[in-house]
$ cat start-v9.txt   # compact mmCIF, C-alpha atoms
# COMPACT_ATOMS: atom_id res chain seq x y z
CA MET A 1 32.14 152.17 126.97
CA GLN A 2 33.95 152.10 123.69
CA SER A 3 34.35 148.80 121.91
CA THR A 4 37.88 147.76 121.05
CA THR A 5 36.94 144.81 118.89
CA GLU A 6 38.81 144.85 115.60
CA TYR A 7 37.03 143.61 112.55
CA GLY A 8 38.98 142.09 109.69
CA TYR A 9 42.21 140.20 109.74
CA ASN A 10 44.31 140.39 112.87
CA SER A 11 47.20 137.98 113.06
CA LYS A 12 47.57 138.48 116.82
CA ILE A 13 44.09 137.18 117.49
CA GLU A 14 43.50 134.64 114.75
CA GLY A 15 46.84 132.99 114.37
CA ASP A 16 47.23 131.04 111.14
CA ALA A 17 43.81 131.78 109.71
CA VAL A 18 42.86 132.16 106.09
CA LEU A 19 39.76 134.07 105.15
CA THR A 20 37.57 132.85 102.30
CA THR A 21 33.94 132.47 101.35
CA VAL A 22 32.07 129.38 102.50
CA ASP A 23 31.25 128.68 98.89
CA ALA A 24 34.89 128.62 97.80
CA ALA A 25 35.91 126.51 100.75
CA LEU A 26 33.22 123.91 100.07
CA ALA A 27 34.17 123.81 96.40
CA TRP A 28 37.79 123.33 97.40
CA PHE A 29 36.90 120.38 99.66
CA ARG A 30 34.75 118.90 96.99
CA LYS A 31 37.07 119.13 94.03
CA ASN A 32 40.04 117.64 95.84
CA SER A 33 38.26 114.49 96.88
CA VAL A 34 36.39 113.28 93.84
CA TRP A 35 35.63 109.61 94.45
CA PRO A 36 35.41 107.88 91.09
CA MET A 37 33.11 105.05 90.20
CA PRO A 38 35.14 102.99 87.70
CA MET A 39 32.55 101.87 85.15
CA GLY A 40 35.03 99.55 83.39
CA LEU A 41 33.36 97.98 80.38
CA ALA A 42 36.23 97.23 78.00
CA CYS A 43 39.94 97.79 77.36
CA CYS A 44 39.88 101.43 78.57
CA ALA A 45 39.41 99.99 82.06
CA ILE A 46 42.92 98.51 81.84
CA GLU A 47 44.29 101.98 81.17
CA LEU A 48 42.20 103.26 84.06
CA MET A 49 43.95 100.75 86.31
CA ALA A 50 47.27 102.21 85.17
CA VAL A 51 46.03 105.65 86.23
CA GLY A 52 45.44 104.27 89.69
CA ALA A 53 48.81 102.52 89.91
CA SER A 54 52.01 104.04 91.25
CA ARG A 55 53.49 105.35 88.01
CA PHE A 56 50.65 107.77 87.27
CA ASP A 57 49.15 107.80 90.74
CA ILE A 58 45.68 109.30 90.69
CA SER A 59 45.95 109.96 94.44
CA ARG A 60 48.01 113.06 93.67
CA PHE A 61 44.66 114.54 92.66
CA GLY A 62 42.67 113.19 95.58
CA SER A 63 40.80 110.58 93.55
CA GLU A 64 42.42 107.35 94.66
CA VAL A 65 39.29 106.18 96.45
CA MET A 66 37.71 104.11 93.70
CA ARG A 67 34.25 103.12 94.84
CA PHE A 68 32.55 100.11 93.37
CA SER A 69 29.31 101.08 95.04
CA PRO A 70 27.61 103.94 93.22
CA ARG A 71 26.20 105.19 96.52
CA GLN A 72 29.67 106.24 97.66
CA ALA A 73 30.91 107.79 94.42
CA ASP A 74 30.93 111.29 92.93
CA CYS A 75 32.19 110.80 89.43
CA MET A 76 31.42 107.95 87.07
CA ILE A 77 34.26 107.19 84.67
CA VAL A 78 32.74 105.27 81.77
CA ALA A 79 35.73 103.32 80.48
CA GLY A 80 34.88 101.24 77.44
CA THR A 81 32.30 100.22 74.88
CA VAL A 82 28.71 100.62 76.01
CA THR A 83 26.36 98.12 74.40
CA TYR A 84 22.63 98.69 74.37
CA LYS A 85 22.32 95.82 76.82
CA ALA A 86 24.76 97.57 79.18
CA ALA A 87 23.14 100.98 78.70
CA GLY A 88 20.23 100.01 80.94
CA PHE A 89 22.27 99.10 83.96
CA LEU A 90 24.71 101.96 83.37
CA LYS A 91 21.79 104.37 83.67
CA ARG A 92 20.57 102.54 86.75
CA ILE A 93 23.98 102.80 88.43
CA TYR A 94 24.14 106.50 87.53
CA ASP A 95 20.70 107.04 89.10
CA GLN A 96 21.94 105.43 92.32
CA MET A 97 24.82 107.89 92.71
CA PRO A 98 24.08 110.71 95.19
CA GLU A 99 24.08 114.32 94.02
CA PRO A 100 26.28 116.13 93.15
CA LYS A 101 27.65 113.78 90.50
CA TRP A 102 29.72 114.00 87.37
CA VAL A 103 30.45 111.74 84.40
CA ILE A 104 33.65 111.30 82.38
CA ALA A 105 33.32 109.50 79.04
CA MET A 106 36.72 107.85 78.63
CA GLY A 107 37.84 106.99 75.12
CA ALA A 108 36.30 106.87 71.67
CA CYS A 109 33.73 104.14 72.41
CA ALA A 110 32.19 105.77 75.47
CA SER A 111 32.17 109.17 73.74
CA THR A 112 30.76 108.25 70.31
CA GLY A 113 30.58 104.48 69.91
CA GLY A 114 34.07 104.57 68.43
CA MET A 115 34.85 101.98 65.82
CA TYR A 116 31.78 99.95 66.78
CA ARG A 117 29.26 101.14 64.26
CA SER A 118 26.92 98.22 64.62
CA TYR A 119 23.51 97.15 65.83
CA ALA A 120 24.73 96.33 69.33
CA THR A 121 26.64 99.45 70.40
CA LEU A 122 25.28 102.61 71.97
CA GLN A 123 26.64 105.53 69.93
CA GLY A 124 27.93 107.58 72.83
CA VAL A 125 27.11 107.28 76.50
CA ASP A 126 25.61 110.80 76.39
CA ASN A 127 22.51 109.14 74.96
CA VAL A 128 21.65 107.91 78.44
CA VAL A 129 23.57 110.00 81.01
CA PRO A 130 24.80 113.65 81.00
CA VAL A 131 28.55 113.74 80.31
CA ASP A 132 30.83 116.46 81.71
CA ILE A 133 34.15 115.58 80.11
CA TYR A 134 34.99 113.54 77.01
CA ILE A 135 38.45 112.02 76.61
CA SER A 136 39.68 111.21 73.10
CA GLY A 137 41.91 108.23 72.38
CA CYS A 138 41.62 104.52 71.83
CA PRO A 139 42.42 103.96 74.61
CA PRO A 140 43.48 107.32 76.08
CA ARG A 141 46.86 107.57 77.75
CA PRO A 142 46.78 107.80 81.57
CA GLU A 143 47.99 111.41 81.26
CA ALA A 144 44.83 112.21 79.31
CA VAL A 145 42.70 110.73 82.10
CA LEU A 146 44.56 112.84 84.66
CA ASP A 147 44.04 115.87 82.44
CA ALA A 148 40.32 115.14 82.35
CA LEU A 149 40.33 114.84 86.12
CA MET A 150 42.00 118.25 86.43
CA LYS A 151 39.43 119.68 84.02
CA ILE A 152 36.60 118.28 86.10
CA GLN A 153 38.20 119.71 89.26
CA GLU A 154 38.25 123.08 87.55
CA LYS A 155 34.59 122.68 86.73
CA ILE A 156 33.66 121.59 90.25
CA GLY A 157 35.61 124.53 91.67
CA LYS A 158 33.47 126.96 89.71
CA GLU A 159 30.13 125.42 90.61
CA PRO A 160 28.05 127.54 93.02
CA ILE A 161 27.28 125.29 95.97
CA LEU A 162 25.38 127.57 98.34
CA ARG A 163 22.86 128.88 95.88
CA ASP A 164 19.37 127.39 95.88
CA THR A 165 20.58 124.24 97.55
CA VAL A 166 19.46 122.33 100.57
CA ILE A 167 22.54 123.52 102.48
CA ALA A 168 21.79 127.11 101.56
CA LYS A 169 18.22 126.81 102.80
CA ALA A 170 19.43 125.23 106.04
CA LEU A 171 21.88 128.10 106.56
CA LYS A 172 19.26 130.64 105.38
CA LEU A 173 21.75 132.11 102.96
CA SER A 174 19.56 132.46 99.93
CA MET B 1 43.49 57.91 65.17
CA THR B 2 43.65 60.53 62.43
CA ALA B 3 40.81 62.83 61.45
CA LEU B 4 40.15 60.84 58.30
CA GLU B 5 39.91 57.60 60.29
CA PHE B 6 37.39 59.22 62.65
CA ALA B 7 35.34 60.41 59.67
CA ASN B 8 35.40 56.99 58.00
CA LYS B 9 34.37 55.30 61.21
CA ILE B 10 31.34 57.59 61.56
CA LYS B 11 30.53 57.00 57.86
CA ALA B 12 30.75 53.24 58.37
CA LYS B 13 28.30 53.42 61.24
CA PHE B 14 25.67 55.69 59.63
CA GLY B 15 26.13 54.78 55.98
CA ASP B 16 24.29 56.91 53.43
CA LEU B 17 23.34 59.58 55.97
CA ILE B 18 26.95 60.74 56.00
CA SER B 19 28.71 62.16 52.95
CA GLU B 20 32.18 61.09 51.81
CA PRO B 21 34.77 62.79 54.07
CA MET B 22 36.05 65.98 52.43
CA GLU B 23 39.59 67.07 53.10
CA PHE B 24 40.80 70.62 52.61
CA ARG B 25 44.17 71.91 53.80
CA GLY B 26 44.51 69.06 56.24
CA GLU B 27 41.07 69.59 57.78
CA VAL B 28 38.38 66.95 57.46
CA GLU B 29 34.63 67.46 57.33
CA ILE B 30 31.60 65.28 56.85
CA LYS B 31 28.06 66.29 56.03
CA LEU B 32 24.99 64.78 57.63
CA ALA B 33 21.96 64.56 55.35
CA ASP B 34 19.29 64.48 58.05
CA PRO B 35 19.59 67.10 60.83
CA GLU B 36 17.25 65.06 63.03
CA LYS B 37 20.05 62.49 63.41
CA ILE B 38 22.63 64.97 64.70
CA PHE B 39 22.30 63.82 68.29
CA ASP B 40 23.01 60.15 67.38
CA VAL B 41 25.97 61.09 65.18
CA CYS B 42 27.47 63.31 67.87
CA GLN B 43 26.88 60.66 70.53
CA TYR B 44 28.75 58.13 68.41
CA ALA B 45 31.53 60.63 67.65
CA LYS B 46 32.03 61.18 71.36
CA ASN B 47 32.05 57.44 72.06
CA ILE B 48 34.86 56.83 69.54
CA GLY B 49 37.04 59.52 71.11
CA LEU B 50 35.98 62.98 69.92
CA ASP B 51 35.42 64.02 73.49
CA TYR B 52 35.53 67.80 73.17
CA LEU B 53 33.12 70.13 71.36
CA VAL B 54 35.16 73.17 70.31
CA ASP B 55 32.34 75.24 68.86
CA ILE B 56 29.01 75.27 67.09
CA CYS B 57 28.73 77.69 64.17
CA SER B 58 25.87 78.53 61.89
CA LEU B 59 25.79 79.80 58.32
CA ASP B 60 23.10 81.79 56.59
CA ASN B 61 22.99 80.68 52.92
CA TYR B 62 20.68 83.60 52.17
CA GLY B 63 18.65 83.10 49.01
CA ASN B 64 19.44 79.39 48.80
CA ASP B 65 17.56 76.42 50.11
CA PRO B 66 18.09 75.08 52.74
CA ARG B 67 18.91 78.38 54.35
CA TRP B 68 20.88 77.29 57.42
CA THR B 69 24.02 75.22 57.83
CA VAL B 70 25.01 74.26 61.36
CA VAL B 71 28.66 73.25 61.89
CA TYR B 72 29.95 71.22 64.85
CA HIS B 73 33.69 71.26 65.56
CA ALA B 74 34.61 68.13 67.51
CA ARG B 75 38.08 67.36 68.82
CA ALA B 76 39.88 64.43 70.44
CA ILE B 77 41.79 65.93 73.33
CA VAL B 78 44.44 63.15 73.51
CA ASN B 79 45.97 63.97 70.13
CA GLY B 80 44.29 67.24 69.10
CA VAL B 81 42.63 65.75 66.01
CA GLU B 82 39.59 67.71 64.89
CA ILE B 83 36.73 67.11 62.45
CA ARG B 84 33.77 69.19 61.38
CA ILE B 85 30.26 67.81 61.16
CA LYS B 86 27.91 69.89 59.02
CA THR B 87 24.19 69.64 58.54
CA ASP B 88 21.64 71.71 56.62
CA VAL B 89 18.42 72.98 58.18
CA SER B 90 15.55 74.48 56.23
CA GLU B 91 14.17 77.91 57.06
CA GLU B 92 10.62 76.57 57.57
CA LYS B 93 11.84 74.17 60.22
CA SER B 94 14.70 76.19 61.76
CA GLU B 95 15.01 73.54 64.43
CA LEU B 96 17.24 70.53 65.16
CA PRO B 97 17.97 68.36 68.21
CA SER B 98 20.23 69.73 70.91
CA VAL B 99 23.54 67.96 71.56
CA PHE B 100 23.62 69.14 75.17
CA GLY B 101 23.18 65.51 76.21
CA VAL B 102 26.45 64.63 74.46
CA TRP B 103 28.71 67.55 75.29
CA ARG B 104 27.47 69.75 78.12
CA THR B 105 29.39 72.71 76.68
CA ALA B 106 26.87 72.77 73.81
CA ASN B 107 24.52 74.60 76.18
CA TRP B 108 25.99 78.06 75.59
CA HIS B 109 27.05 77.42 71.98
CA GLU B 110 23.47 76.56 71.09
CA ARG B 111 22.16 79.57 72.95
CA GLU B 112 24.49 81.77 70.89
CA VAL B 113 23.30 80.22 67.61
CA TYR B 114 19.70 80.67 68.74
CA ASP B 115 20.29 84.29 69.77
CA LEU B 116 22.12 85.52 66.70
CA MET B 117 20.77 83.28 63.94
CA GLY B 118 17.38 82.19 65.24
CA ILE B 119 17.80 78.43 64.90
CA ARG B 120 16.10 76.56 67.73
CA PHE B 121 17.43 73.42 69.43
CA SER B 122 14.82 70.96 70.63
CA GLY B 123 15.59 69.36 73.97
CA HIS B 124 17.84 72.22 75.06
CA PRO B 125 17.51 72.67 78.85
CA ASP B 126 17.54 76.48 78.84
CA LEU B 127 17.12 78.03 75.40
CA ARG B 128 17.36 81.76 76.16
CA ARG B 129 19.21 84.53 74.37
CA ILE B 130 22.79 84.82 75.54
CA LEU B 131 24.10 88.15 74.15
CA MET B 132 21.05 90.22 73.30
CA TRP B 133 18.31 90.60 75.89
CA GLU B 134 15.03 88.73 76.23
CA GLY B 135 12.45 90.56 74.15
CA TYR B 136 14.81 91.75 71.42
CA PRO B 137 12.84 90.92 68.28
CA TYR B 138 15.60 90.21 65.72
CA HIS B 139 18.42 87.76 65.07
CA PRO B 140 21.27 90.09 64.10
CA LEU B 141 23.66 87.74 62.26
CA ARG B 142 21.11 86.89 59.59
CA LYS B 143 22.08 88.19 56.16
CA ASP B 144 18.88 90.21 55.82
CA PHE B 145 19.60 92.13 59.02
CA PRO B 146 21.41 95.44 58.34
CA LEU B 147 24.77 96.01 60.04
CA ALA B 148 23.53 99.32 61.41
CA GLY B 149 20.67 97.57 63.18
CA LYS B 150 16.97 98.31 63.48
CA PRO B 151 15.29 100.52 66.07
CA THR B 152 13.65 98.72 68.99
CA ASP B 153 12.33 99.78 72.34
CA LEU B 154 11.56 97.72 75.39
CA PRO B 155 10.77 100.33 78.08
CA GLY B 156 12.80 99.84 81.23
CA ILE B 157 14.99 97.15 79.69
CA ALA B 158 16.78 98.31 76.58
CA PHE B 159 16.42 100.24 73.35
CA THR B 160 18.37 100.28 70.10
CA LYS B 161 18.70 102.88 67.39
CA VAL B 162 19.97 102.73 63.83
CA THR B 163 23.69 103.45 63.85
CA PRO B 164 24.98 106.27 61.61
CA MET B 165 27.40 104.50 59.26
CA GLU B 166 29.09 107.74 58.07
CA GLY B 167 29.67 106.30 54.62
CA GLY B 168 30.92 102.96 55.96
CA PRO B 169 31.24 100.14 56.73
CA PHE B 170 34.99 100.64 56.79
CA VAL B 171 36.93 97.44 56.25
CA THR B 172 40.60 96.50 56.15
CA LEU B 173 42.34 94.47 53.44
CA PRO B 174 44.00 91.13 54.17
CA THR B 175 47.38 91.92 52.62
CA ILE B 176 51.04 92.09 53.57
CA ASP B 177 51.26 95.64 52.20
CA ASP B 178 51.96 98.55 54.51
CA SER B 179 49.38 100.19 56.73
CA GLY B 180 48.47 102.82 54.13
CA VAL B 181 47.00 100.09 51.92
CA ARG B 182 45.58 98.01 54.75
CA GLU B 183 43.86 100.73 56.68
CA PRO B 184 40.06 100.68 57.06
CA ARG B 185 38.30 102.31 54.09
CA VAL B 186 34.96 102.09 52.34
CA ARG B 187 35.35 99.04 50.13
CA VAL B 188 32.19 98.25 48.22
CA PRO B 189 32.78 95.15 46.07
CA GLU B 190 32.25 95.45 42.29
CA GLY B 191 28.56 95.45 41.44
CA ALA B 192 27.44 95.39 45.06
CA GLU B 193 25.05 97.88 46.56
CA PRO B 194 26.25 100.27 49.26
CA ALA B 195 25.33 99.65 52.90
CA ILE B 196 21.58 99.32 53.38
CA SER B 197 21.46 101.65 56.33
CA ASP B 198 23.29 104.62 54.87
CA LYS B 199 20.70 106.89 53.31
CA ARG B 200 23.02 109.86 52.92
CA ARG B 201 25.29 107.96 50.61
CA VAL B 202 22.69 106.58 48.24

$ encode --input "start-v9.txt" --output "structure tokens"
Amino acid sequence: MQSTTEYGYNSKIEGDAVLTTVDAALAWFRKNSVWPMPMGLACCAIELMAVGASRFDISRFGSEVMRFSPRQADCMIVAGTVTYKAAGFLKRIYDQMPEPKWVIAMGACASTGGMYRSYATLQGVDNVVPVDIYISGCPPRPEAVLDALMKIQEKIGKEPILRDTVIAKALKLS
Amino acid sequence: MTALEFANKIKAKFGDLISEPMEFRGEVEIKLADPEKIFDVCQYAKNIGLDYLVDICSLDNYGNDPRWTVVYHARAIVNGVEIRIKTDVSEEKSELPSVFGVWRTANWHEREVYDLMGIRFSGHPDLRRILMWEGYPYHPLRKDFPLAGKPTDLPGIAFTKVTPMEGGPFVTLPTIDDSGVREPRVRVPEGAEPAISDKRRV
């Protein structure tokens, strides 16, 4: 008996379906719910609060769930001056975040040490953790933080998820 | 009671140990000759009404003897009158009695002086570093400590590196001129050597 099954898109059978790759779909889920870990260390943290408030409203980008526990966060936003004393626990908090994880260095101090060229200040948080996005400014405007968030979404969207990962092995895709 | 009256009262009690009260721009200070007596002087100062310790500062008179000067800012809360009590401490000794028993707030002030200048306070209940971490080997506010710092490593706790000064330090000018004049620039005073840390510049 001949098969009448149609392969490919058929609106009569599938209704309102959208076809995509699993990889793209997972990336889409991931990038639109980045849960930030607000590592507020100095005045940049005040500006970070403004990003979360109604005027700038970080929830438009799916990142309103600020998590103060590193175990529930995806993206550490280092907002402020990192001293050598703070560098140790910053690294420890980063290590406690589950993979995949990203880091935004917010402002001049977190990026390079800023105006603090002294014995006590770490000259850039990239000395202890890998940074994905640097934001310039002292402190940066909330728009700049949102721009960085969009940049990191772009980056997350391009990351291959199902290649050589635990999920891929479970699904026997690679 | 005015600041000068407070100072004279302390002088009357301790006699030659206390210098003549010095007045400068409406602020009064006295100098104590023997740092070992600082607890007694502070106790008396509190008893006559200077009930609040604003701050404890320390000075590094680098190259001079005695090297350290410790400054106590005491205030009477009722009328806001304030006097300074200074005392010199030699580098060999680097120790004087704690005034924690007089003003409890001295606890953290003395820890700060100990941390950044390396002057110890005998009788302090908990003399630990307050800003830098335990095990950091230097006292960074001493004049012979470079602004850019020195490298240290305490595995698992903290490390420090020498900071690139990029030709600095960059300092502002205290002036009423516009921002173009005030803005931070390299300002090496006449005859002074450039920053110790900056090898590229020398």

$ interface_residues --input "start-v9.txt" --of "chain A" --to "chain B" --cutoff "12 Å" --atoms "only C-alpha atoms" --output "list in words"
Val82, Thr83, Tyr84, Lys85, Ala86, Ala87, Gly88, Phe89, Leu90, Lys91, Arg92, Thr112, Gly113, Gly114, Met115, Tyr116, Arg117, Ser118, Tyr119, Ala120, Thr121, Leu122, Gln123, Gly124, Asn127 and Val128 of chain A

$ closest_residue --input "start-v9.txt" --among "B:Asp178, B:Glu134, B:Glu82, B:Asp65" --to "Ser94 in chain B" --atoms "all atoms listed in the file"
B:Asp65

$ closest_residue --input "start-v9.txt" --among "B:Val99, B:Arg84, B:Ala3, B:Arg187" --to "Leu173 in chain B" --atoms "all atoms listed in the file"
B:Arg187

$ closest_residue --input "start-v9.txt" --among "A:Lys158, A:Ala24, A:Met97, A:Ser33" --to "Val129 in chain A" --atoms "all atoms listed in the file"
A:Met97

$ atom_distance --input "start-v9.txt" --atom1 "CA of Ile152 in chain A" --atom2 "CA of Val103 in chain A"
9.1 Å

$ residues_near_point --input "start-v9.txt" --point "(26.7, 107.4, 89.6)" --cutoff "6 Å" --atoms "only C-alpha atoms" --output "NGL selection string"
:A and (70 or 76 or 93-94 or 96-97)

$ atom_distance --input "start-v9.txt" --atom1 "CA of Ser111 in chain A" --atom2 "CA of Cys138 in chain A"
10.7 Å

$ atom_distance --input "start-v9.txt" --atom1 "CA of Ala33 in chain B" --atom2 "CA of Leu17 in chain B"
5.2 Å

$ closest_residue --input "start-v9.txt" --among "A:Gly40, A:Gly157, A:Pro130, A:Gly107" --to "Ala144 in chain A" --atoms "only C-alpha atoms"
A:Gly107

$ residues_near_point --input "start-v9.txt" --point "(33.3, 102.4, 90.9)" --cutoff "6 Å" --atoms "all atoms listed in the file" --output "list in words"
Pro36, Met37, Pro38, Met39, Met66, Arg67, Phe68 and Ser69 of chain A

$ residues_around --input "start-v9.txt" --residues "Glu5 in chain B" --least-positions-apart "4" --cutoff "10 Å" --atoms "all atoms listed in the file" --output "PyMOL selection string"
chain B and resi 1+9-11+21+28

$ write_last_selection --input "start-v9.txt" --atoms "C-alpha atoms" --output "short mmCIF file (atom, residue, chain, number, x, y, z; two decimals), keeping the file's coordinate frame"
data_model
loop_
_atom_site.label_atom_id
_atom_site.label_comp_id
_atom_site.auth_asym_id
_atom_site.auth_seq_id
_atom_site.Cartn_x
_atom_site.Cartn_y
_atom_site.Cartn_z
CA MET B 1 43.49 57.91 65.17
CA LYS B 9 34.37 55.30 61.21
CA ILE B 10 31.34 57.59 61.56
CA LYS B 11 30.53 57.00 57.86
CA PRO B 21 34.77 62.79 54.07
CA VAL B 28 38.38 66.95 57.46
#

$ residues_around --input "start-v9.txt" --residues "Pro142 in chain A" --least-positions-apart "2" --cutoff "12 Å" --atoms "all atoms listed in the file" --output "PyMOL selection string"
chain A and resi 44-58+79+106-107+135-140+144-149

$ residues_around --input "start-v9.txt" --residues "Thr21 in chain A" --least-positions-apart "4" --cutoff "12 Å" --atoms "all atoms listed in the file" --output "PDB file with C-alpha atoms, keeping the file's coordinate frame"
ATOM      1  CA  ALA A  25      35.910 126.510 100.750  1.00  0.00           C
ATOM      2  CA  LEU A  26      33.220 123.910 100.070  1.00  0.00           C
ATOM      3  CA  ALA A  27      34.170 123.810  96.400  1.00  0.00           C
ATOM      4  CA  TRP A  28      37.790 123.330  97.400  1.00  0.00           C
ATOM      5  CA  PRO A 160      28.050 127.540  93.020  1.00  0.00           C
ATOM      6  CA  ILE A 161      27.280 125.290  95.970  1.00  0.00           C
ATOM      7  CA  LEU A 162      25.380 127.570  98.340  1.00  0.00           C
TER       8      LEU A 162
END
